[in-house]
file upload30.txt (compact mmCIF, C-alpha atoms and all ligand atoms)
# COMPACT_ATOMS: atom_id res chain seq x y z
CA MET A 1 31.92 -60.53 -54.11
CA SER A 2 32.84 -59.27 -57.58
CA LYS A 3 36.45 -59.13 -58.70
CA TYR A 4 36.04 -55.42 -58.94
CA ALA A 5 35.39 -55.00 -55.22
CA ALA A 6 39.05 -55.74 -54.65
CA TYR A 7 39.99 -52.34 -56.07
CA PRO A 8 40.16 -49.26 -53.88
CA ARG A 9 36.85 -47.47 -53.77
CA GLY A 10 36.43 -44.37 -55.83
CA LYS A 11 34.73 -43.26 -58.98
CA SER A 12 34.36 -46.13 -61.39
CA VAL A 13 33.47 -46.26 -65.05
CA PHE A 14 31.36 -49.35 -64.28
CA LYS A 15 27.78 -49.10 -63.12
CA ASN A 16 27.16 -52.85 -63.15
CA TYR A 17 30.20 -55.04 -63.33
CA LYS A 18 28.29 -58.33 -63.06
CA VAL A 19 26.92 -58.16 -66.59
CA LEU A 20 30.43 -58.73 -67.95
CA ASP A 21 30.53 -62.13 -66.30
CA PHE A 22 30.45 -65.08 -68.69
CA ASP A 23 27.56 -66.57 -66.75
CA TYR A 24 25.38 -63.55 -67.27
CA VAL A 25 22.50 -64.06 -69.69
CA PRO A 26 21.39 -60.82 -71.37
CA LYS A 27 17.70 -60.22 -72.15
CA GLU A 28 18.43 -60.16 -75.86
CA LEU A 29 20.99 -62.14 -77.84
CA PRO A 30 21.67 -60.10 -80.97
CA HIS A 31 22.23 -62.20 -84.10
CA ARG A 32 21.09 -65.46 -82.54
CA ASP A 33 17.39 -65.07 -83.23
CA SER A 34 17.21 -67.66 -85.96
CA GLN A 35 19.07 -70.25 -83.89
CA LEU A 36 16.77 -69.59 -80.92
CA LYS A 37 13.73 -70.02 -83.14
CA ARG A 38 15.19 -73.22 -84.55
CA LEU A 39 15.54 -74.66 -81.04
CA PHE A 40 11.95 -73.71 -80.29
CA THR A 41 10.81 -75.46 -83.43
CA ILE A 42 12.74 -78.59 -82.51
CA PHE A 43 11.53 -78.72 -78.91
CA SER A 44 8.02 -77.29 -79.08
CA PRO A 45 6.36 -80.74 -79.40
CA ILE A 46 7.52 -81.45 -75.84
CA ALA A 47 5.25 -78.72 -74.54
CA ASP A 48 2.02 -80.34 -75.70
CA SER A 49 2.63 -84.01 -76.26
CA ASN A 50 4.36 -87.01 -74.78
CA VAL A 51 7.57 -86.87 -76.81
CA SER A 52 11.21 -86.17 -76.28
CA GLN A 53 13.68 -84.39 -78.52
CA ASN A 54 17.36 -83.82 -78.93
CA ALA A 55 19.61 -81.28 -80.57
CA PHE A 56 23.26 -80.64 -81.19
CA LEU A 57 24.72 -77.13 -80.94
CA THR A 58 28.05 -76.56 -82.58
CA GLY A 59 30.39 -73.68 -83.47
CA PRO A 60 33.78 -72.18 -82.55
CA THR A 61 34.68 -70.59 -79.19
CA GLY A 62 32.76 -67.48 -78.23
CA THR A 63 29.96 -67.91 -80.75
CA GLY A 64 27.35 -68.03 -77.98
CA LYS A 65 26.70 -71.76 -77.68
CA THR A 66 26.48 -71.77 -73.89
CA VAL A 67 24.55 -68.55 -73.53
CA LEU A 68 22.13 -69.56 -76.29
CA SER A 69 21.39 -72.87 -74.61
CA LYS A 70 20.66 -71.13 -71.30
CA LYS A 71 18.49 -68.52 -72.95
CA PHE A 72 16.59 -71.19 -74.82
CA CYS A 73 15.99 -73.32 -71.72
CA MET A 74 14.78 -70.37 -69.68
CA GLU A 75 12.39 -69.18 -72.38
CA PHE A 76 11.20 -72.63 -73.22
CA GLN A 77 10.47 -73.38 -69.58
CA ASP A 78 8.25 -70.28 -69.43
CA PHE A 79 6.56 -71.15 -72.68
CA ALA A 80 5.81 -74.72 -71.52
CA ARG A 81 4.60 -73.55 -68.12
CA LYS A 82 2.00 -71.35 -69.79
CA GLY A 83 0.70 -74.46 -71.52
CA GLY A 84 0.58 -76.30 -68.18
CA LYS A 85 3.67 -78.45 -68.69
CA ASN A 86 6.46 -78.63 -66.16
CA VAL A 87 9.79 -78.46 -67.98
CA GLN A 88 13.00 -78.43 -65.96
CA PHE A 89 16.51 -78.05 -67.26
CA VAL A 90 20.02 -78.71 -66.00
CA LEU A 91 23.13 -77.43 -67.70
CA VAL A 92 26.23 -79.51 -67.07
CA ASN A 93 29.67 -78.31 -68.06
CA CYS A 94 31.46 -81.51 -68.96
CA ARG A 95 34.88 -79.91 -68.74
CA GLN A 96 34.27 -79.38 -65.03
CA ARG A 97 32.35 -82.62 -64.61
CA ASN A 98 34.09 -85.08 -66.83
CA THR A 99 32.87 -88.40 -65.45
CA GLU A 100 29.47 -90.00 -65.86
CA ASN A 101 29.09 -89.99 -62.11
CA ALA A 102 29.80 -86.30 -61.77
CA VAL A 103 27.33 -85.51 -64.54
CA MET A 104 24.58 -87.60 -62.93
CA LEU A 105 25.27 -86.06 -59.56
CA LYS A 106 24.91 -82.55 -60.93
CA ILE A 107 21.56 -83.49 -62.47
CA LEU A 108 20.28 -85.19 -59.34
CA THR A 109 21.22 -82.37 -57.02
CA HIS A 110 18.94 -80.14 -59.06
CA PHE A 111 16.10 -82.16 -57.52
CA GLN A 112 17.70 -83.36 -54.28
CA PRO A 113 20.32 -80.87 -53.12
CA TYR A 114 21.83 -83.39 -50.69
CA PHE A 115 21.99 -86.43 -52.94
CA PRO A 116 25.03 -88.40 -51.64
CA ASP A 117 28.09 -87.97 -53.83
CA ARG A 118 29.13 -91.61 -53.67
CA GLY A 119 27.77 -95.12 -53.24
CA PHE A 120 25.40 -95.19 -56.21
CA SER A 121 25.92 -96.76 -59.60
CA ILE A 122 24.95 -94.96 -62.79
CA ASN A 123 21.92 -97.21 -63.15
CA GLU A 124 20.77 -96.46 -59.62
CA MET A 125 21.22 -92.77 -60.22
CA MET A 126 19.21 -93.01 -63.43
CA GLU A 127 16.44 -94.74 -61.49
CA SER A 128 16.44 -92.03 -58.82
CA LEU A 129 16.17 -89.43 -61.54
CA ARG A 130 13.29 -91.27 -63.16
CA LYS A 131 11.37 -91.41 -59.88
CA GLU A 132 12.01 -87.76 -59.29
CA LEU A 133 10.69 -86.78 -62.73
CA GLU A 134 7.63 -89.00 -62.35
CA LYS A 135 6.90 -87.55 -58.94
CA GLU A 136 7.21 -83.98 -60.15
CA LYS A 137 5.50 -84.76 -63.48
CA ALA A 138 8.38 -82.96 -65.12
CA HIS A 139 10.14 -83.23 -68.43
CA LEU A 140 13.86 -82.64 -68.08
CA ILE A 141 16.15 -81.06 -70.65
CA VAL A 142 19.73 -82.08 -69.97
CA VAL A 143 22.31 -79.79 -71.58
CA LEU A 144 25.73 -81.38 -71.86
CA ASP A 145 28.05 -78.48 -72.59
CA GLU A 146 31.52 -79.25 -73.98
CA VAL A 147 30.39 -82.84 -74.20
CA ASP A 148 33.43 -83.81 -76.30
CA VAL A 149 35.55 -83.61 -73.13
CA LEU A 150 33.34 -86.16 -71.41
CA LEU A 151 33.23 -88.48 -74.39
CA LYS A 152 36.98 -88.35 -74.77
CA LYS A 153 37.67 -88.84 -71.07
CA THR A 154 35.30 -91.76 -70.60
CA LYS A 155 36.15 -93.21 -74.01
CA SER A 156 32.53 -94.17 -74.49
CA SER A 157 29.18 -92.64 -75.19
CA ASP A 158 27.39 -94.82 -72.64
CA ILE A 159 25.86 -91.90 -70.86
CA ILE A 160 24.33 -90.57 -74.07
CA TYR A 161 22.99 -94.03 -74.68
CA HIS A 162 21.52 -94.18 -71.17
CA PHE A 163 19.86 -90.83 -71.65
CA SER A 164 18.48 -91.69 -75.02
CA ARG A 165 17.07 -94.99 -73.70
CA PHE A 166 15.69 -93.25 -70.65
CA ASN A 167 12.39 -92.66 -72.38
CA GLU A 168 11.78 -96.03 -73.86
CA GLU A 169 11.46 -98.31 -70.87
CA GLY A 170 8.26 -99.33 -69.10
CA ILE A 171 4.91 -100.29 -70.55
CA GLU A 172 3.21 -96.92 -70.59
CA ALA A 173 6.38 -95.24 -71.75
CA LYS A 174 6.61 -91.67 -70.55
CA LYS A 175 8.94 -89.36 -72.38
CA LEU A 176 10.75 -87.79 -69.49
CA LEU A 177 14.05 -86.53 -70.81
CA SER A 178 15.48 -84.56 -73.73
CA LEU A 179 19.05 -83.85 -74.56
CA ILE A 180 21.03 -80.93 -75.92
CA LEU A 181 24.65 -81.65 -76.75
CA ILE A 182 27.11 -78.80 -77.19
CA SER A 183 30.56 -79.02 -78.66
CA GLN A 184 32.96 -77.22 -80.95
CA LYS A 185 33.79 -80.48 -82.63
CA ASN A 186 31.33 -82.66 -84.38
CA VAL A 187 30.67 -85.13 -81.58
CA LEU A 188 28.19 -87.12 -83.58
CA ASP A 189 31.25 -88.82 -85.03
CA MET A 190 32.31 -89.74 -81.52
CA LEU A 191 29.08 -91.50 -80.62
CA ASP A 192 28.93 -95.24 -80.98
CA LEU A 193 26.22 -96.71 -83.18
CA PRO A 194 23.55 -97.47 -80.56
CA SER A 195 23.65 -93.91 -79.20
CA LEU A 196 23.80 -92.44 -82.66
CA SER A 197 20.80 -94.41 -83.82
CA THR A 198 18.63 -92.62 -81.26
CA PHE A 199 20.00 -89.24 -82.15
CA LYS A 200 18.21 -87.19 -84.76
CA ARG A 201 20.90 -86.12 -87.15
CA GLY A 202 18.82 -83.35 -88.61
CA ASN A 203 18.68 -81.40 -85.39
CA ILE A 204 22.02 -79.70 -85.72
CA VAL A 205 22.14 -76.00 -84.90
CA LYS A 206 25.26 -74.32 -86.21
CA LEU A 207 26.66 -71.11 -84.79
CA ASP A 208 29.09 -69.29 -87.04
CA LYS A 209 31.82 -66.90 -86.02
CA TYR A 210 30.49 -63.41 -85.47
CA ALA A 211 31.22 -60.86 -88.18
CA ARG A 212 32.77 -57.58 -87.17
CA ASP A 213 29.49 -55.64 -87.11
CA GLU A 214 27.77 -58.37 -85.13
CA LEU A 215 30.48 -58.13 -82.50
CA PHE A 216 29.95 -54.40 -82.53
CA SER A 217 26.27 -54.66 -81.62
CA ILE A 218 26.99 -57.26 -78.93
CA LEU A 219 29.51 -54.84 -77.46
CA GLU A 220 27.09 -51.91 -77.70
CA GLN A 221 24.63 -53.90 -75.61
CA ARG A 222 27.21 -54.74 -72.94
CA ILE A 223 28.60 -51.22 -72.84
CA GLU A 224 25.15 -49.88 -72.10
CA LEU A 225 24.51 -52.49 -69.42
CA ALA A 226 27.89 -52.35 -67.71
CA PHE A 227 29.10 -48.77 -67.88
CA HIS A 228 27.86 -45.37 -66.78
CA PRO A 229 26.39 -43.30 -69.60
CA ASP A 230 29.16 -41.59 -71.58
CA ALA A 231 31.88 -43.45 -69.69
CA VAL A 232 32.99 -45.23 -72.85
CA ASP A 233 34.56 -43.41 -75.77
CA LEU A 234 32.84 -43.96 -79.14
CA GLY A 235 35.85 -45.62 -80.76
CA VAL A 236 36.09 -48.34 -78.11
CA GLY A 237 33.41 -50.61 -79.54
CA ASP A 238 34.84 -50.13 -83.03
CA LEU A 239 38.36 -50.98 -82.05
CA ILE A 240 37.41 -54.06 -80.03
CA SER A 241 35.22 -55.34 -82.87
CA ASP A 242 38.12 -54.92 -85.29
CA ILE A 243 40.44 -56.83 -83.00
CA ALA A 244 38.06 -59.63 -82.09
CA SER A 245 36.71 -60.06 -85.61
CA GLU A 246 39.81 -61.99 -86.49
CA TRP A 247 38.38 -64.85 -84.40
CA GLY A 248 34.69 -63.86 -84.47
CA ASP A 249 34.76 -64.48 -80.74
CA ALA A 250 32.32 -62.57 -78.50
CA ARG A 251 34.00 -63.90 -75.37
CA PHE A 252 37.30 -62.30 -76.32
CA ALA A 253 35.51 -59.06 -77.23
CA ILE A 254 33.78 -58.85 -73.84
CA GLU A 255 37.02 -59.72 -72.07
CA LEU A 256 38.80 -56.84 -73.78
CA LEU A 257 35.97 -54.51 -72.85
CA GLU A 258 36.21 -55.56 -69.23
CA LYS A 259 40.00 -55.19 -69.12
CA ALA A 260 39.86 -51.80 -70.81
CA GLY A 261 37.36 -50.62 -68.19
CA MET A 262 39.53 -51.89 -65.37
CA LEU A 263 42.55 -50.07 -66.80
CA ALA A 264 40.56 -46.83 -66.93
CA ASP A 265 39.64 -47.31 -63.27
CA GLU A 266 43.20 -48.15 -62.30
CA ASN A 267 44.41 -44.97 -63.98
CA LYS A 268 41.60 -43.03 -62.27
CA GLU A 269 40.24 -41.93 -65.63
CA GLN A 270 36.53 -41.27 -66.07
CA ILE A 271 36.29 -42.41 -69.67
CA VAL A 272 37.37 -45.68 -71.26
CA ASN A 273 39.25 -44.81 -74.44
CA PRO A 274 40.95 -46.64 -77.32
CA GLU A 275 44.28 -46.49 -75.51
CA HIS A 276 42.83 -48.65 -72.75
CA VAL A 277 41.66 -51.14 -75.35
CA ARG A 278 45.10 -51.31 -76.89
CA ALA A 279 46.66 -51.74 -73.47
CA ALA A 280 44.14 -54.49 -72.67
CA LYS A 281 45.07 -56.25 -75.84
CA ALA A 282 48.76 -55.71 -75.19
CA GLU A 283 48.35 -57.54 -71.90
CA THR A 284 47.21 -60.51 -73.90
CA TYR A 285 49.53 -60.21 -76.87
CA SER A 286 52.61 -58.18 -76.03
CA THR A 287 55.81 -59.54 -77.41
CA VAL A 288 54.66 -59.93 -81.00
CA THR A 289 55.00 -56.25 -81.87
CA GLU A 290 58.43 -55.93 -80.37
CA SER A 291 59.99 -58.41 -82.75
CA LYS A 292 58.26 -56.83 -85.73
CA LEU A 293 59.64 -53.37 -84.87
CA LYS A 294 63.25 -54.53 -84.94
CA ASP A 295 63.03 -55.29 -88.65
CA LEU A 296 61.93 -51.79 -89.68
CA ASP A 297 64.29 -49.23 -91.24
CA LYS A 298 64.38 -45.59 -90.17
CA ASN A 299 61.83 -44.32 -92.70
CA ARG A 300 59.31 -46.89 -91.64
CA LYS A 301 59.93 -46.20 -87.98
CA LEU A 302 59.31 -42.50 -88.52
CA ILE A 303 56.02 -43.21 -90.27
CA LEU A 304 54.98 -45.46 -87.43
CA MET A 305 55.98 -42.80 -84.94
CA ALA A 306 53.74 -40.31 -86.76
CA ILE A 307 50.84 -42.75 -86.67
CA SER A 308 51.21 -43.50 -82.99
CA ARG A 309 51.34 -39.78 -82.18
CA SER A 310 48.19 -39.02 -84.11
CA LEU A 311 46.43 -41.98 -82.47
CA LYS A 312 46.94 -41.15 -78.84
CA LYS A 313 43.42 -39.96 -78.14
CA LYS A 314 41.44 -41.81 -80.75
CA ALA A 315 40.73 -45.17 -82.29
CA TYR A 316 41.59 -44.23 -85.87
CA THR A 317 43.59 -41.67 -87.76
CA THR A 318 43.26 -40.88 -91.46
CA THR A 319 46.10 -41.20 -93.93
CA GLY A 320 45.93 -37.42 -94.42
CA ASP A 321 46.42 -36.70 -90.71
CA ALA A 322 49.13 -39.32 -90.49
CA GLU A 323 51.01 -37.76 -93.38
CA LYS A 324 50.82 -34.30 -91.82
CA MET A 325 52.12 -35.69 -88.56
CA TYR A 326 54.81 -37.51 -90.50
CA ALA A 327 56.06 -34.18 -91.90
CA LEU A 328 56.39 -32.83 -88.36
CA VAL A 329 58.18 -35.93 -87.14
CA CYS A 330 60.67 -35.68 -90.02
CA GLU A 331 61.42 -32.09 -89.06
CA GLU A 332 61.95 -33.10 -85.46
CA PHE A 333 64.37 -35.86 -86.39
CA GLU A 334 65.94 -33.80 -89.18
CA GLU A 335 65.21 -36.48 -91.74
CA LYS A 336 64.30 -36.01 -95.37
CA LYS A 337 60.56 -36.60 -95.90
CA LEU A 338 59.46 -39.29 -98.33
CA GLY A 339 57.13 -38.40 -101.18
CA HIS A 340 53.42 -39.22 -101.09
CA THR A 341 53.64 -42.37 -103.22
CA GLN A 342 56.48 -43.78 -101.19
CA PHE A 343 54.61 -42.95 -97.96
CA TRP A 344 51.60 -44.94 -99.20
CA LYS A 345 53.73 -47.85 -100.20
CA TYR A 346 55.24 -48.05 -96.72
CA LEU A 347 51.83 -47.75 -95.08
CA LYS A 348 50.67 -50.70 -97.09
CA GLU A 349 53.71 -52.66 -95.98
CA LEU A 350 53.13 -51.87 -92.31
CA ASP A 351 49.57 -53.05 -92.77
CA ASP A 352 50.74 -56.28 -94.42
CA VAL A 353 53.00 -57.19 -91.52
CA GLY A 354 50.17 -56.41 -89.11
CA ILE A 355 51.72 -53.56 -87.14
CA ILE A 356 49.00 -51.21 -88.30
CA GLN A 357 45.53 -51.98 -89.54
CA ALA A 358 44.11 -50.00 -92.45
CA LYS A 359 40.51 -50.06 -93.56
CA LYS A 360 38.24 -47.97 -95.75
CA SER A 361 36.00 -45.62 -93.78
CA SER A 362 32.30 -46.39 -93.91
CA LYS A 363 29.84 -44.24 -95.80
CA GLY A 364 28.68 -41.06 -94.09
CA LEU A 365 32.04 -39.43 -93.73
CA VAL A 366 33.12 -37.11 -96.52
CA GLY A 367 33.85 -39.55 -99.34
CA THR A 368 35.80 -42.59 -98.29
CA THR A 369 39.22 -42.35 -96.80
CA THR A 370 41.59 -44.88 -95.32
CA LEU A 371 41.44 -45.21 -91.55
CA ILE A 372 44.49 -46.43 -89.72
CA SER A 373 44.67 -47.99 -86.29
CA ILE A 374 47.20 -49.89 -84.25
CA PRO A 375 45.62 -53.08 -83.02
CA ASP A 376 48.23 -54.62 -80.75
CA ILE A 377 49.78 -52.05 -78.52
CA PRO A 378 48.89 -48.70 -76.92
CA ALA A 379 49.99 -45.83 -79.14
CA LYS A 380 51.84 -44.27 -76.22
CA VAL A 381 53.85 -47.43 -75.58
CA LEU A 382 54.64 -47.78 -79.27
CA GLU A 383 55.84 -44.18 -79.41
CA GLU A 384 58.12 -44.72 -76.41
CA LYS A 385 59.57 -47.88 -77.90
CA LEU A 386 60.27 -46.10 -81.20
CA MET A 387 61.80 -43.11 -79.43
CA ARG A 388 64.26 -45.43 -77.77
CA MET A 389 65.06 -47.14 -81.06
CA LEU A 390 65.54 -43.96 -83.12
N1 LIG A 401 24.58 -63.00 -79.45
C1 LIG A 401 25.11 -62.61 -78.29
N2 LIG A 401 24.62 -61.54 -77.65
C2 LIG A 401 25.13 -61.13 -76.48
N3 LIG A 401 26.15 -61.74 -75.86
C3 LIG A 401 26.70 -62.82 -76.45
C4 LIG A 401 26.21 -63.32 -77.68
N4 LIG A 401 26.93 -64.40 -78.03
C5 LIG A 401 27.85 -64.58 -77.07
N5 LIG A 401 27.70 -63.64 -76.11
C6 LIG A 401 28.53 -63.50 -74.92
O1 LIG A 401 29.87 -63.85 -75.26
C7 LIG A 401 30.47 -64.64 -74.24
C8 LIG A 401 30.82 -65.99 -74.80
O2 LIG A 401 29.65 -66.71 -75.16
P1 LIG A 401 29.50 -68.28 -74.87
O3 LIG A 401 28.08 -68.62 -74.93
O4 LIG A 401 30.23 -68.61 -73.61
O5 LIG A 401 30.29 -68.86 -76.13
P2 LIG A 401 30.66 -70.39 -76.44
O6 LIG A 401 29.95 -71.23 -75.44
O7 LIG A 401 30.22 -70.59 -77.84
O8 LIG A 401 32.16 -70.45 -76.31
C9 LIG A 401 29.45 -64.69 -73.11
O9 LIG A 401 29.72 -63.64 -72.22
C10 LIG A 401 28.14 -64.46 -73.82
O10 LIG A 401 27.18 -63.89 -72.97
MG MG A 402 30.65 -72.49 -73.97

call {"tool": "encode", "arguments": {"input": "upload30.txt", "output": "structure tokens"}}
result
Amino acid sequence: MSKYAAYPRGKSVFKNYKVLDFDYVPKELPHRDSQLKRLFTIFSPIADSNVSQNAFLTGPTGTGKTVLSKKFCMEFQDFARKGGKNVQFVLVNCRQRNTENAVMLKILTHFQPYFPDRGFSINEMMESLRKELEKEKAHLIVVLDEVDVLLKKTKSSDIIYHFSRFNEEGIEAKKLLSLILISQKNVLDMLDLPSLSTFKRGNIVKLDKYARDELFSILEQRIELAFHPDAVDLGVGDLISDIASEWGDARFAIELLEKAGMLADENKEQIVNPEHVRAAKAETYSTVTESKLKDLDKNRKLILMAISRSLKKKAYTTTGDAEKMYALVCEEFEEKKLGHTQFWKYLKELDDVGIIQAKKSSKGLVGTTTLISIPDIPAKVLEEKLMRML
């Protein structure tokens, strides 16, 4: 049952909640085409000759390492099948299975669902696997995800060694097994020499942090898959991309999208808007803003108040709109308004300390103007906090 089913029934902004799950593999992986092609190039010899291959996928959190490896294995399996070759794959998360035994068991249960979970040595398990692959005339791709955890825990790279020697025994050596290692860190440094000698150092596939616009298109895809048409405000994808671009992390971006949607549902609203995104982020990072606010003088607080008021229904406000709102706020609080130059200077300061985020608008709008948003906290909450302070 999905997490969402726990909420009271009613209208929901979601049409398909499952696609926000981290296990979900979308049909397309925007911005990972070249890496997918690279993997195909590395592994394609398996499909038509008696060889094995290996590769190492590396990159920071949320850059799509896991999803890319799944996508590759699924597509490669299809590709090989069309050429008459049986390719199987097993993906092992080594954070969850951090002993050699647990890894072998996961692989074996792919072929024998009831393989006993104790009583067999690694060598015996390797032999069982070999028999299985020979019987099924299959070539197996083993994906060891987060392999650094396993290597660190076991303090050896024996299992990599076993796998890499798997192919070389016997007289009529059959190449039965290939390996994909995944890790944020460069695990090749963690392998001991014998394992390393069998590992092709050239086959490294690097995944870089996603740029802001790449995150945006990944979000666009998920929004379309997960939400009812028009249930997500236009600024939502923009705001989440801005926030997540600091880390280039698609996982964080999708998490914010999911939380924002849940907040809309909880508030019985039909449209996910930038306020929900800010609230979703605030759930993750809340106390930071509070301490920053304390240090601001009255003028700066009034400017911030004006910005939060003009942001309540949208992702961005312009400096022009903010300044107009600022004039109104000054009247309300019977404060003397600062001049334009001073106002700009303070905006810049607020941007520098990270309370607001300013960026140049993209082409298409009339000229370019500066767009302001508040990344960390819902505008409404910020306004209330400032009200109390003023
Ligand atoms: N290029 C992409 N297109 C669509 N979704 C992506 C892409 N890259 C990552 N994702 C999604 O972002 C989340 C994190 O990706 P994941 O593969 O788990 O990252 P990593 O393993 O590098 O930490 C997953 O939900 C994944 O589906
Ligand atoms: Mg991963």

call {"tool": "atom_distance", "arguments": {"input": "upload30.txt", "atom1": "atom CA of A:Lys360", "atom2": "atom CA of A:Leu304"}}
result
18.9 Å

call {"tool": "closest_atom_pairs", "arguments": {"input": "upload30.txt", "of": "chain A", "to": "ligand MG 402 (chain A)", "cutoff": "12 Å", "atoms": "all atoms listed in the file", "output": "tab-separated table"}}
result
residue	atom	partner	partner_atom	distance
A:Phe22	CA	A:MG402	MG	9.1
A:Asp23	CA	A:MG402	MG	9.8
A:Leu57	CA	A:MG402	MG	10.3
A:Thr58	CA	A:MG402	MG	9.9
A:Gly59	CA	A:MG402	MG	9.6
A:Pro60	CA	A:MG402	MG	9.1
A:Thr61	CA	A:MG402	MG	6.9
A:Gly62	CA	A:MG402	MG	6.9
A:Thr63	CA	A:MG402	MG	8.2
A:Gly64	CA	A:MG402	MG	6.8
A:Lys65	CA	A:MG402	MG	5.5
A:Thr66	CA	A:MG402	MG	4.2
A:Val67	CA	A:MG402	MG	7.3
A:Leu68	CA	A:MG402	MG	9.3
A:Ser69	CA	A:MG402	MG	9.3
A:Lys70	CA	A:MG402	MG	10.4
A:Leu91	CA	A:MG402	MG	11.0
A:Val92	CA	A:MG402	MG	10.8
A:Asn93	CA	A:MG402	MG	8.4
A:Cys94	CA	A:MG402	MG	10.3
A:Arg95	CA	A:MG402	MG	10.0
A:Gln96	CA	A:MG402	MG	11.9
A:Val143	CA	A:MG402	MG	11.3
A:Leu144	CA	A:MG402	MG	10.4
A:Asp145	CA	A:MG402	MG	6.7
A:Glu146	CA	A:MG402	MG	6.8
A:Val147	CA	A:MG402	MG	10.4
A:Asp148	CA	A:MG402	MG	11.9
A:Leu181	CA	A:MG402	MG	11.3
A:Ile182	CA	A:MG402	MG	7.9
A:Ser183	CA	A:MG402	MG	8.0
A:Gln184	CA	A:MG402	MG	8.7
A:Leu207	CA	A:MG402	MG	11.6
A:Asp249	CA	A:MG402	MG	11.3
A:Ala250	CA	A:MG402	MG	11.0
A:Arg251	CA	A:MG402	MG	9.3

call {"tool": "atom_distance", "arguments": {"input": "upload30.txt", "atom1": "atom CA of A:Glu331", "atom2": "atom CA of A:Thr368"}}
result
29.2 Å

call {"tool": "closest_residue", "arguments": {"input": "upload30.txt", "among": "A:His228, A:Lys209, A:Lys175, A:His110", "to": "ligand LIG 401 (chain A)", "atoms": "only C-alpha atoms and all ligand atoms"}}
result
A:Lys209

call {"tool": "residues_around", "arguments": {"input": "upload30.txt", "residues": "A:Met104", "least_positions_apart": "2", "cutoff": "12 Å", "atoms": "all atoms listed in the file", "output": "ChimeraX atom specification"}}
result
/A:90-94,97-102,106-112,115-118,120-130,142-144,159-160,162-163

call {"tool": "closest_residue", "arguments": {"input": "upload30.txt", "among": "A:Ile42, A:Ala211, A:Met387, A:Leu179", "to": "ligand LIG 401 (chain A)", "atoms": "only C-alpha atoms and all ligand atoms"}}
result
A:Ala211

call {"tool": "atom_distance", "arguments": {"input": "upload30.txt", "atom1": "atom CA of A:Leu219", "atom2": "atom CA of A:Lys37"}}
result
22.6 Å

call {"tool": "residues_near_point", "arguments": {"input": "upload30.txt", "point": "(39.9, -45.5, -73.1)", "cutoff": "12 Å", "atoms": "all atoms listed in the file", "output": "number ranges by chain"}}
result
A: 13, 230-237, 239-240, 256-280, 311-315, 378-379
